[in-house]
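Q: Sharing protein-v6.txt, compact mmCIF, C-alpha atoms:
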# COMPACT_ATOMS: atom_id res chain seq x y z
CA MET A 101 46.55 -3.04 4.54
CA MET A 102 43.34 -5.01 4.31
CA GLU A 103 40.47 -3.46 2.43
CA GLN A 104 37.41 -3.10 4.60
CA THR A 105 34.46 -0.77 5.12
CA VAL A 106 34.99 1.83 7.81
CA GLN A 107 32.60 1.13 10.65
CA THR A 108 31.76 4.04 12.91
CA SER A 109 30.53 3.30 16.40
CA ASP A 110 26.85 2.91 17.21
CA THR A 111 26.66 5.75 19.71
CA PHE A 112 24.18 8.56 20.28
CA MET A 113 26.97 11.14 19.93
CA GLN A 114 28.05 9.79 16.52
CA GLY A 115 24.43 10.23 15.41
CA VAL A 116 24.45 13.82 16.66
CA ARG A 117 27.70 14.48 14.75
CA ASP A 118 26.32 12.97 11.53
CA CYS A 119 23.24 15.19 11.83
CA ILE A 120 25.23 18.45 11.88
CA PRO A 121 25.58 18.90 8.08
CA THR A 122 21.78 18.88 7.73
CA LEU A 123 21.17 21.39 10.51
CA LEU A 124 21.53 24.51 8.34
CA GLY A 125 18.69 23.17 6.24
CA TYR A 126 16.49 22.55 9.28
CA ILE A 127 17.26 25.98 10.73
CA SER A 128 16.60 27.98 7.56
CA ILE A 129 13.42 26.09 6.63
CA GLY A 130 12.27 26.10 10.26
CA LEU A 131 12.72 29.87 10.56
CA ALA A 132 10.95 30.34 7.23
CA PHE A 133 8.11 28.15 8.45
CA GLY A 134 7.72 30.18 11.64
CA VAL A 135 7.47 33.39 9.63
CA VAL A 136 5.03 31.85 7.14
CA GLY A 137 2.97 30.44 10.01
CA MET A 138 2.58 33.89 11.54
CA ALA A 139 1.75 35.34 8.11
CA SER A 140 -0.94 32.63 7.84
CA HIS A 141 -2.57 33.92 11.06
CA LEU A 142 -1.33 31.13 13.35
CA THR A 143 -0.15 31.92 16.89
CA VAL A 144 3.40 31.22 18.16
CA PHE A 145 1.97 28.36 20.26
CA GLU A 146 0.23 26.86 17.22
CA VAL A 147 3.46 27.03 15.22
CA PHE A 148 5.21 25.26 18.10
CA LEU A 149 2.48 22.59 18.30
CA LEU A 150 2.53 21.99 14.55
CA SER A 151 6.30 21.56 14.41
CA ALA A 152 6.39 19.39 17.57
CA LEU A 153 3.41 17.15 16.69
CA VAL A 154 3.20 17.09 12.89
CA TYR A 155 6.99 17.41 12.39
CA ALA A 156 6.97 17.44 8.60
CA GLY A 157 8.33 20.42 6.69
CA SER A 158 6.33 20.40 3.47
CA ALA A 159 3.16 19.18 5.22
CA GLN A 160 3.39 22.10 7.66
CA PHE A 161 3.73 24.60 4.80
CA ILE A 162 0.79 23.03 3.02
CA PHE A 163 -1.19 23.15 6.26
CA CYS A 164 -0.62 26.94 6.36
CA GLY A 165 -1.48 27.37 2.71
CA LEU A 166 -4.76 25.49 3.03
CA TYR A 167 -5.63 26.96 6.42
CA VAL A 168 -5.20 30.54 5.25
CA ALA A 169 -7.27 29.72 2.13
CA GLY A 170 -10.09 28.59 4.45
CA ALA A 171 -10.07 24.92 3.43
CA PRO A 172 -12.28 22.58 5.49
CA MET A 173 -10.64 20.40 8.16
CA SER A 174 -11.17 17.17 6.20
CA VAL A 175 -9.39 18.58 3.14
CA ILE A 176 -6.42 19.81 5.20
CA ILE A 177 -6.00 16.43 6.92
CA ILE A 178 -6.38 14.40 3.70
CA THR A 179 -3.95 16.66 1.82
CA VAL A 180 -1.37 16.52 4.64
CA PHE A 181 -1.75 12.72 4.60
CA VAL A 182 -1.17 12.52 0.84
CA VAL A 183 1.75 14.97 0.96
CA ASN A 184 3.49 12.85 3.57
CA LEU A 185 2.77 9.46 2.03
CA ARG A 186 6.33 9.50 0.67
CA HIS A 187 7.51 8.84 4.24
CA LEU A 188 5.91 5.40 3.93
CA LEU A 189 8.42 4.67 1.17
CA MET A 190 11.33 6.00 3.20
CA SER A 191 10.32 4.03 6.30
CA LEU A 192 10.00 0.88 4.23
CA THR A 193 13.54 1.42 2.97
CA VAL A 194 15.16 1.97 6.36
CA ALA A 195 13.05 -0.27 8.62
CA PRO A 196 14.49 -3.65 7.51
CA TYR A 197 17.89 -2.64 8.94
CA LEU A 198 16.48 -1.91 12.39
CA THR A 199 14.26 -4.92 13.04
CA HIS A 200 16.36 -6.31 15.90
CA TYR A 201 15.21 -3.61 18.33
CA SER A 202 12.15 -3.64 20.58
CA PRO A 203 8.76 -2.60 19.12
CA LEU A 204 8.83 0.56 21.25
CA ARG A 205 12.17 1.65 19.82
CA SER A 206 10.95 0.79 16.32
CA VAL A 207 8.01 3.15 16.88
CA GLY A 208 10.53 5.79 17.97
CA PHE A 209 12.68 5.36 14.84
CA GLY A 210 9.63 5.72 12.61
CA THR A 211 8.07 8.62 14.49
CA LEU A 212 11.13 10.82 13.98
CA LEU A 213 11.88 9.86 10.38
CA THR A 214 12.12 12.85 8.00
CA ASP A 215 13.36 13.44 4.46
CA GLU A 216 16.71 14.60 5.84
CA THR A 217 17.30 11.89 8.47
CA PHE A 218 16.27 9.37 5.81
CA GLY A 219 18.89 10.90 3.51
CA VAL A 220 21.61 10.66 6.16
CA ALA A 221 20.58 7.11 7.10
CA VAL A 222 20.64 5.73 3.55
CA THR A 223 24.00 7.41 2.94
CA LYS A 224 25.26 5.63 6.06
CA LEU A 225 23.75 2.39 4.79
CA ALA A 226 25.49 2.78 1.43
CA LYS A 227 28.85 3.19 3.19
CA GLU A 228 28.59 0.78 6.12
CA LYS A 229 25.79 -1.64 5.15
CA ARG A 230 24.24 -1.38 8.62
CA LEU A 231 22.47 1.00 10.96
CA GLY A 232 22.69 1.22 14.74
CA GLY A 233 19.79 2.13 17.00
CA ASN A 234 21.74 4.50 19.25
CA TRP A 235 23.19 6.29 16.21
CA MET A 236 19.68 6.55 14.70
CA ASP A 237 18.34 8.04 17.94
CA GLY A 238 21.15 10.61 18.08
CA LEU A 239 20.46 11.64 14.49
CA ASN A 240 16.67 11.76 14.97
CA VAL A 241 16.57 13.57 18.29
CA THR A 242 19.05 16.25 17.15
CA ALA A 243 17.02 16.93 14.01
CA TYR A 244 13.76 17.05 15.98
CA VAL A 245 14.98 19.46 18.67
CA VAL A 246 16.59 21.81 16.13
CA TRP A 247 13.48 21.78 13.93
CA VAL A 248 11.02 22.61 16.73
CA ALA A 249 13.33 25.31 18.10
CA SER A 250 13.85 26.90 14.64
CA CYS A 251 10.13 26.93 13.81
CA THR A 252 9.27 28.51 17.14
CA ALA A 253 12.07 31.07 16.81
CA GLY A 254 10.82 31.95 13.33
CA ALA A 255 7.32 32.47 14.71
CA VAL A 256 8.61 34.78 17.44
CA VAL A 257 10.49 36.84 14.84
CA GLY A 258 7.49 36.73 12.48
CA ALA A 259 5.23 38.18 15.17
CA TYR A 260 7.22 41.42 15.01
CA ILE A 261 6.99 41.76 11.25
CA PRO A 262 3.94 44.02 10.91
CA SER A 263 2.54 43.44 7.44
CA ALA A 264 4.04 40.29 6.02
CA GLU A 265 2.42 40.76 2.63
CA GLN A 266 3.97 44.18 2.18
CA PHE A 267 7.42 42.62 2.39
CA GLY A 268 6.54 39.78 0.04
CA LEU A 269 6.77 37.25 2.88
CA ASP A 270 3.53 35.58 1.82
CA PHE A 271 5.51 34.46 -1.23
CA ALA A 272 7.98 32.52 0.96
CA LEU A 273 5.63 29.54 0.84
CA VAL A 274 5.40 29.51 -2.96
CA ALA A 275 9.16 29.98 -3.32
CA MET A 276 9.71 27.08 -0.92
CA PHE A 277 7.49 24.75 -2.97
CA ALA A 278 9.23 25.87 -6.15
CA ALA A 279 12.64 25.12 -4.59
CA LEU A 280 11.46 21.74 -3.24
CA LEU A 281 10.11 20.89 -6.69
CA VAL A 282 13.45 21.75 -8.32
CA LEU A 283 15.39 19.74 -5.69
CA ASN A 284 13.10 16.75 -6.20
CA LEU A 285 13.56 16.96 -9.97
CA GLN A 286 17.34 17.25 -9.61
CA ALA A 287 17.36 14.13 -7.40
CA THR A 288 15.81 12.01 -10.18
CA LYS A 289 17.92 9.95 -12.53
CA LYS A 290 19.07 11.85 -15.65
CA GLU A 291 17.23 9.58 -18.10
CA LYS A 292 14.01 10.05 -16.13
CA LEU A 293 14.19 13.85 -15.88
CA MET A 294 12.19 14.56 -19.06
CA HIS A 295 9.55 12.09 -17.92
CA TYR A 296 9.19 14.01 -14.66
CA VAL A 297 9.24 17.47 -16.28
CA THR A 298 6.53 16.37 -18.72
CA LEU A 299 4.55 15.13 -15.75
CA CYS A 300 4.78 18.61 -14.15
CA GLY A 301 3.23 20.01 -17.34
CA ILE A 302 0.48 17.37 -17.27
CA VAL A 303 -0.28 18.24 -13.64
CA ALA A 304 -0.50 21.94 -14.58
CA LEU A 305 -3.01 21.17 -17.34
CA LEU A 306 -5.02 18.85 -15.07
CA LEU A 307 -5.07 21.52 -12.38
CA TYR A 308 -6.17 24.20 -14.82
CA GLY A 309 -9.06 22.05 -16.03
CA LEU A 310 -10.07 20.87 -12.56
CA LEU A 311 -10.16 24.45 -11.23
CA TYR A 312 -13.30 24.96 -13.36
CA ILE A 313 -15.19 22.28 -11.43
CA LEU A 314 -13.50 21.98 -8.01
CA PRO A 315 -12.37 24.33 -5.23
CA SER A 316 -8.61 24.91 -5.54
CA HIS A 317 -7.50 22.70 -2.61
CA LEU A 318 -9.45 19.72 -4.01
CA ALA A 319 -8.14 20.47 -7.50
CA VAL A 320 -4.58 20.26 -6.08
CA LEU A 321 -5.32 16.89 -4.49
CA ALA A 322 -7.12 15.47 -7.55
CA SER A 323 -4.48 16.64 -10.04
CA THR A 324 -1.77 15.07 -7.83
CA LEU A 325 -3.51 11.69 -7.61
CA ILE A 326 -4.30 11.63 -11.34
CA GLY A 327 -0.80 12.95 -12.17
CA ALA A 328 0.95 10.21 -10.16
CA THR A 329 -1.26 7.59 -11.83
CA ILE A 330 -0.38 8.95 -15.28
CA GLY A 331 3.28 8.93 -14.18
CA VAL A 332 3.10 5.21 -13.43
CA MET A 333 1.24 4.48 -16.68
CA ARG A 334 3.79 6.40 -18.80
CA ASP A 335 6.63 4.69 -16.95
CA THR A 336 8.29 1.98 -19.01
CA MET B 94 -6.16 31.88 21.38
CA THR B 95 -5.84 28.32 20.19
CA THR B 96 -9.32 27.01 19.53
CA MET B 97 -10.54 23.45 20.02
CA THR B 98 -10.96 23.22 16.23
CA MET B 99 -7.32 24.15 15.69
CA LEU B 100 -6.18 21.59 18.29
CA LEU B 101 -8.26 18.86 16.63
CA LEU B 102 -6.88 19.88 13.25
CA ILE B 103 -3.28 19.67 14.45
CA VAL B 104 -3.88 16.32 16.19
CA GLY B 105 -5.57 15.00 13.04
CA CYS B 106 -2.56 16.02 10.96
CA MET B 107 -0.26 14.47 13.58
CA VAL B 108 -2.00 11.09 13.27
CA VAL B 109 -1.92 11.03 9.45
CA THR B 110 1.76 12.02 9.25
CA TRP B 111 2.76 9.69 12.10
CA LEU B 112 1.12 6.47 10.87
CA PRO B 113 2.78 6.29 7.41
CA ARG B 114 6.28 6.70 8.80
CA MET B 115 5.82 4.63 11.95
CA LEU B 116 3.78 1.62 10.75
CA PRO B 117 6.38 0.27 8.26
CA PHE B 118 8.79 -0.17 11.17
CA LEU B 119 6.25 -2.46 12.86
CA VAL B 120 4.97 -4.41 9.87
CA VAL B 121 8.09 -4.66 7.71
CA ARG B 122 8.77 -8.24 8.78
CA THR B 123 5.52 -9.58 7.37
CA VAL B 124 4.12 -7.29 4.67
CA THR B 125 5.64 -5.79 1.51
CA LEU B 126 3.82 -3.31 -0.74
CA PRO B 127 3.20 -4.30 -4.36
CA PRO B 128 5.82 -2.70 -6.65
CA ILE B 129 3.13 -0.79 -8.54
CA VAL B 130 2.12 1.04 -5.34
CA LEU B 131 5.75 1.91 -4.55
CA ARG B 132 6.17 3.31 -8.05
CA TRP B 133 3.00 5.36 -7.69
CA LEU B 134 4.24 6.79 -4.39
CA GLN B 135 7.47 7.89 -6.03
CA TYR B 136 5.53 10.30 -8.25
CA ILE B 137 3.60 11.93 -5.42
CA PRO B 138 6.20 14.54 -4.30
CA VAL B 139 6.84 15.98 -7.78
CA CYS B 140 3.13 15.97 -8.66
CA ILE B 141 1.92 17.63 -5.50
CA LEU B 142 4.70 20.23 -5.51
CA SER B 143 3.90 21.07 -9.15
CA ALA B 144 0.22 21.37 -8.31
CA LEU B 145 0.95 23.68 -5.38
CA VAL B 146 3.22 25.93 -7.45
CA PHE B 147 0.81 26.11 -10.40
CA GLU B 148 -2.12 26.72 -8.08
CA THR B 149 -0.62 30.11 -7.20
CA ILE B 150 -0.35 31.22 -10.84
CA PHE B 151 -3.94 30.29 -11.67
CA GLN B 152 -6.83 32.33 -10.36
CA VAL B 153 -10.50 31.47 -10.57
CA GLU B 154 -12.55 34.37 -11.89
CA GLU B 155 -16.25 34.54 -12.61
CA ARG B 156 -16.28 32.43 -15.76
CA PHE B 157 -12.68 31.63 -16.54
CA VAL B 158 -9.53 30.42 -14.82
CA THR B 159 -6.88 33.03 -15.63
CA ILE B 160 -3.19 33.62 -14.96
CA ASN B 161 -2.07 35.55 -11.89
CA TRP B 162 0.71 37.50 -13.60
CA LEU B 163 2.22 38.88 -10.40
CA HIS B 164 2.92 35.35 -9.11
CA ALA B 165 3.91 34.05 -12.54
CA VAL B 166 6.52 36.80 -12.99
CA ALA B 167 7.88 36.41 -9.43
CA LEU B 168 8.32 32.68 -10.02
CA VAL B 169 10.80 33.21 -12.88
CA PRO B 170 13.77 34.46 -10.78
CA THR B 171 12.67 32.07 -8.01
CA PHE B 172 13.04 29.06 -10.31
CA VAL B 173 16.27 30.35 -11.81
CA VAL B 174 17.85 30.68 -8.35
CA ALA B 175 16.52 27.27 -7.26
CA ILE B 176 18.02 25.54 -10.31
CA TRP B 177 21.25 27.53 -10.12
CA THR B 178 22.01 27.37 -6.38
CA LYS B 179 20.04 24.27 -5.26
CA SER B 180 19.58 26.17 -2.00
CA LEU B 181 16.20 26.28 -0.30
CA SER B 182 16.96 29.27 1.89
CA LEU B 183 18.47 31.37 -0.91
CA THR B 184 15.50 30.59 -3.16
CA VAL B 185 13.05 31.68 -0.50
CA VAL B 186 14.95 34.94 0.09
CA VAL B 187 15.07 35.73 -3.64
CA GLY B 188 11.37 34.87 -4.03
CA VAL B 189 10.37 37.12 -1.14
CA VAL B 190 12.57 40.02 -2.28
CA THR B 191 11.28 39.71 -5.86
CA MET B 192 7.67 39.80 -4.67
CA ALA B 193 8.37 42.81 -2.43
CA CYS B 194 10.02 44.68 -5.34
CA LEU B 195 7.16 43.84 -7.72
CA ARG B 196 4.62 45.19 -5.23
CA ILE B 197 6.59 48.42 -4.89
CA ILE B 198 6.80 48.86 -8.69
CA ILE B 199 3.13 48.08 -9.38
Can you turn what I pasted into structure tokens?
A:
Amino acid sequence: MMEQTVQTSDTFMQGVRDCIPTLLGYISIGLAFGVVGMASHLTVFEVFLLSALVYAGSAQFIFCGLYVAGAPMSVIIITVFVVNLRHLLMSLTVAPYLTHYSPLRSVGFGTLLTDETFGVAVTKLAKEKRLGGNWMDGLNVTAYVVWVASCTAGAVVGAYIPSAEQFGLDFALVAMFAALLVLNLQATKKEKLMHYVTLCGIVALLLYGLLYILPSHLAVLASTLIGATIGVMRDT
Amino acid sequence: MTTMTMLLLIVGCMVVTWLPRMLPFLVVRTVTLPPIVLRWLQYIPVCILSALVFETIFQVEERFVTINWLHAVALVPTFVVAIWTKSLSLTVVVGVVTMACLRIII
């Protein structure tokens, strides 16, 4: 038998099928977001709008955190922008494989790119060395619909939980960031792990110092920007 | 009620999350980012997530920034479960339950 890479078909349905393993993640985080959103004094409609328009897990959580802390609009928007800048990297990685489609479809691919669809797409790329537009759409649209539905469902459930703080639900946000931090660290190369862990410590020290002179949301932003710069400088 | 301010805020966040992921698909044929910028971007997730976690264990008091022990203690089992299970949902559940228990005890 000849050795060759297995090529799956470029169909919408194949994209839907390849999205299924990630759905549990979308559903659990989406539900958690809905609950956190309600605990952060958003309405069900606002949770729906956020998930449908902003469509970015960590950015939505950060939005809630800053909003409930009373941060000004400019700070929320700038922080959300910085938090999601990583998508620029992901788009840059995937985009070269989808240049033969119309500009409108390109906009569509980019608009629905997330950490998870990026993950599925680069795994596909590693196996098959190519990406199909219909497959990409199937993957993206499935993820989007499930995300918006899960967030909204979480908000509806959250509305019936009387005092979120009493049940420790306000801590869901912090626990989520802690888990995302651990997952990000575990995704780094082994030899780089200590470099990253040290950087976490540096960010903590920066934050502690900056809290004396800045409001906490600006201290978060400033310590992140300085921390990433130090990360690059310590990089060899 | 959804206020005009809230709508503007959400639309603002929509624009700034949409542009970074959409624009590369349009400009990728002509422009490539300098490697130094790409490397800088790689550090953003870990740095911002660290900052957000540590923010909750620091509290600004009148003259000093001190430790919020309730959050600091609740983070211990949260981190252990995150490292052990690598599961977002399980970590969140353990974090929430831990916080609820701590509030009952205190």
Q: For a cut-off of 12 Å around (4.6, 33.8, -11.1), file coordinates, pick out all residues using all atoms listed in the file and list them as an mmCIF file with C-alpha atoms, in the frame of the given file.
A:
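Saved the output as selection-v5.cif:
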data_model
loop_
_atom_site.group_PDB
_atom_site.id
_atom_site.type_symbol
_atom_site.label_atom_id
_atom_site.label_comp_id
_atom_site.auth_asym_id
_atom_site.auth_seq_id
_atom_site.Cartn_x
_atom_site.Cartn_y
_atom_site.Cartn_z
ATOM 1 C CA PHE A 271 5.510 34.460 -1.230
ATOM 2 C CA VAL A 274 5.400 29.510 -2.960
ATOM 3 C CA ALA A 275 9.160 29.980 -3.320
ATOM 4 C CA ALA A 278 9.230 25.870 -6.150
ATOM 5 C CA VAL B 146 3.220 25.930 -7.450
ATOM 6 C CA PHE B 147 0.810 26.110 -10.400
ATOM 7 C CA GLU B 148 -2.120 26.720 -8.080
ATOM 8 C CA THR B 149 -0.620 30.110 -7.200
ATOM 9 C CA ILE B 150 -0.350 31.220 -10.840
ATOM 10 C CA PHE B 151 -3.940 30.290 -11.670
ATOM 11 C CA GLN B 152 -6.830 32.330 -10.360
ATOM 12 C CA ILE B 160 -3.190 33.620 -14.960
ATOM 13 C CA ASN B 161 -2.070 35.550 -11.890
ATOM 14 C CA TRP B 162 0.710 37.500 -13.600
ATOM 15 C CA LEU B 163 2.220 38.880 -10.400
ATOM 16 C CA HIS B 164 2.920 35.350 -9.110
ATOM 17 C CA ALA B 165 3.910 34.050 -12.540
ATOM 18 C CA VAL B 166 6.520 36.800 -12.990
ATOM 19 C CA ALA B 167 7.880 36.410 -9.430
ATOM 20 C CA LEU B 168 8.320 32.680 -10.020
ATOM 21 C CA VAL B 169 10.800 33.210 -12.880
ATOM 22 C CA PRO B 170 13.770 34.460 -10.780
ATOM 23 C CA THR B 171 12.670 32.070 -8.010
ATOM 24 C CA PHE B 172 13.040 29.060 -10.310
ATOM 25 C CA GLY B 188 11.370 34.870 -4.030
ATOM 26 C CA VAL B 189 10.370 37.120 -1.140
ATOM 27 C CA THR B 191 11.280 39.710 -5.860
ATOM 28 C CA MET B 192 7.670 39.800 -4.670
ATOM 29 C CA LEU B 195 7.160 43.840 -7.720
#
Q: Quote the spacing between atom CA of A:Leu142 and atom CA of A:His317 in Å to one decimal place.
A: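 Computing the Euclidean distance for atom CA of A:Leu142 and atom CA of A:His317 yields 19.1 Å.
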Q: So which residues touch A:Ile261 within 12 Å, counting only C-alpha atoms, skipping near sequence neighbours fewer than 6 positions away, as a list in words?
A: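 These residues fall inside the cut-off: Gly134, Val135, Val136, Met138, Ala139, Gly254, Ala255, Phe267, Gly268, Leu269 and Asp270 of chain A.
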Q: Mind pulling up the distance from atom CA of A:Cys300 to atom CA of B:Thr178?
A: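 For atom CA of B:Thr178 relative to atom CA of A:Cys300, the distance reads 20.8 Å.
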Q: Rounded to one decimal in Å, what is the spacing between atom CA of B:Met97 and atom CA of A:Gly170?
A: 16.4 Å
Q: Compare A:Leu318, A:Ala171, A:Leu185, A:Leu198 by their minimum atom-to-atom distance to B:Trp133, counting only C-alpha atoms, and give me the closest one.
A: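 For B:Trp133, the nearest of the given residues is A:Leu185.
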